[in-house]
Amino acid sequence: MTSDAPTAGHPSADIGLTALISEAEKLASPHGAEGEKATAVNSEKNRSLYASRIKIYPKLVHGRYRLVKWIVMAITLGVYYITPWIRWDRGPFAPDQAVLLDFPHRRFYFFWIEIWPQEIYYLTGLLILASVLLFLVTSLAGRVWCGYTCPQTVWTDLFIYIERLIEGDRSARIRLDKSSFTLGKALRKLSKHTAWLIVALATGGAWVFYFDDAPQLALNLLTFSADPVAYLFIAMFTATTYVFGGLAREQVCTYMCPWPRIQGAMFDDESFLVTYKYDRGDPRGPHKKNTSWDGRGDCIDCGQCVAACPMGIDIRDGMQLECIQCALCIDACDDIMAKVGRPRGLIEYDTPANMDRRIAGEKEQINIFRPRTVIYMAVLGLVSAIMFFSLATRGSIDLNVLRDRNPLFVQLSDGSIRNGYTIKIINKVHEEQGFTVRIEDLPSAQLVQQGVSVGENVKVALAPDSLKEFKTFVVLPREALNLLDDGEASVTFIVENTQTGETDSNRTSFRGPR
């Protein structure tokens with residue numbers, strides 16, 4: 001007859017004995033179970049809530065993707081710093097800065113395009129285009145935006161380049177940080193941070209040039225006669241650029257940016273992602289020269305892909321939230337494969353579906369047109385067509401008519417009905433223009449201004465690139481009240497440019513007694 005009870009020395013017996021002793025200690029203690037709870041709380045308080053940052057020392061690599069990153073960095077930085085200085089002739093009464101956010105006059109100038117406040121829908125369309133394009137690119141090729149063109153990536157790349165020039169490559173920087181404090185080390189660190197601050201200051205200064213005339217603002221800044229707000233924003237942008245690009249770096253991408261958490265919804269099995277081909281690389285391990293490659297993978301476990309990664313991750317562990325798809329690990333691995341005589345592409349842009357196809361012995365495929373990408377392309381094309389059509393047919397006149405709501409109407413002594421309207425006309429031409437305003441769809445009605453009938457139309461002159469607002473009245477004679485259907489009728493205001501013949505209209509209502 002056997003017993004189910006654990007015997008002495010058995011793991012189960014040891015666990016049970018430990019639990020009994022622990023319970024006895026609780027009962028014997030002055031506070032019992034409450035004392036144990038207090039001890040646990042104190043232990044939890046002493047535990048750190050945040051992991052210490054492990055500093056990353058990215059190694060310089062050479063290859064096609066590193067070259068692409070250099071080119072993209074040069075182009076994007078050039079566009080950012082140079083654009084405010086580009087001139088664009090719009091005539092004598094308009095600013096000649098090609099790209100300008102003119103807040104005092106509530107205008108946005110982009111080369112030949114001028115956006116007024118009431119045309120904010122263009123900005124909405126632009127944001128929709130940018131979002132959908134980002135979704136499409138992410139679905140096709142992963143986080144290429146993050147790896148190549150994101151401002152955080154571009155400026156971090158620039159700061160690392162400066163750091164490498166002053167302190168050396170990866171191994172030299174590691175040795176410098178581990179070495180004791182000397183005058184030479186202090187000078188190197190001071191030089192690096194000074195260079196970072198200069199770049200950060202240039203970045204903050206360039207940003208404010210988008211909001212005012214760049215040459216004049218630069219002169220005012222140098223002579224300390226600029227608005228204090230300009231200095232404040234330059235200081236803010238300088239500080240954030242210095243902290244994000246020089247100090248925080250990968251922490252911004254990992255903990256502050258929401259996009260890594262969203263990107264998972266954009267990927268599928270046909271998305272091209274930076275991938276370690278474990279079907280070819282494993283099993284991995286060191287390899288000696290002139291020994292056989294049979295029975296093992298191509299990965300020699302050198303760790304160069306990790307050393308090159310600006311995020312400090314190991315791509316061989318699979319897709320990770322921190323990976324920005326910069327592809328520098330590809331260049332590092334290709335260099336090693338060339339040295340050991342193995343084919344390049346152990347780490348490469350690849351799709352999970354192709355990985356499965358290779359393992360199954362099937363032919364690889366590239367599927368660009370998938371349901372989600374087709375939808376993104378369709379939305380992108382539709383919104384682009386709407387915006388281009390709107391810009392192509394955009395007039396130089398804008399008319400807005402607002403009918404008085406209090407009172408809805410006034411009955412005059414002769415029995416006629418009067419409605420008041422506030423008319424706003426925008427002249428988008430950079431020259432003075434003459435306009436006439438008339439009404440249609442309401443026969444016998446007359447336009448009245450300041451108590452005087454002006455007949456069929458009102459004549460207005462507008463200054464270049466300006467808005468004019470004025471009050472006018474529409475009077476319907478008593479004998480024409482039968483035109484009102486249940487106390488209401490439609491009336492259309494039409495404004496016409498007397499020089500060009502261009503017109504714009506606004507349909508509203510005329511109210512009277514039921």
# chains A, B, ... in the order shown; residues from 1 in each chain; ligands from 1
call {"tool": "residues_around", "arguments": {"residues": "Ile82 of chain A", "least_positions_apart": "3", "cutoff": "12 Å", "atoms": "only C-alpha atoms", "output": "PyMOL selection string"}}
result
chain A and resi 74-79+85-87+97-99+202-203+205-207+209-210+214-215
call {"tool": "closest_residue", "arguments": {"among": "A:Pro407, A:Gly297, A:Pro477, A:Pro310", "to": "Thr153 of chain A", "atoms": "only C-alpha atoms"}}
result
A:Pro310
call {"tool": "select_by_dssp", "arguments": {"residues": "segment 83-261 of chain A", "states": "helix (DSSP H, G or I)", "output": "count of residues only"}}
result
128
call {"tool": "closest_residue", "arguments": {"among": "A:Arg418, A:Ala489, A:Leu380, A:Thr500", "to": "Thr472 of chain A", "atoms": "only C-alpha atoms"}}
result
A:Arg418
call {"tool": "select_by_dssp", "arguments": {"residues": "segment 111-277 of chain A", "states": "strand (DSSP E)", "output": "ChimeraX atom specification"}}
result
/A:113-115,273-276
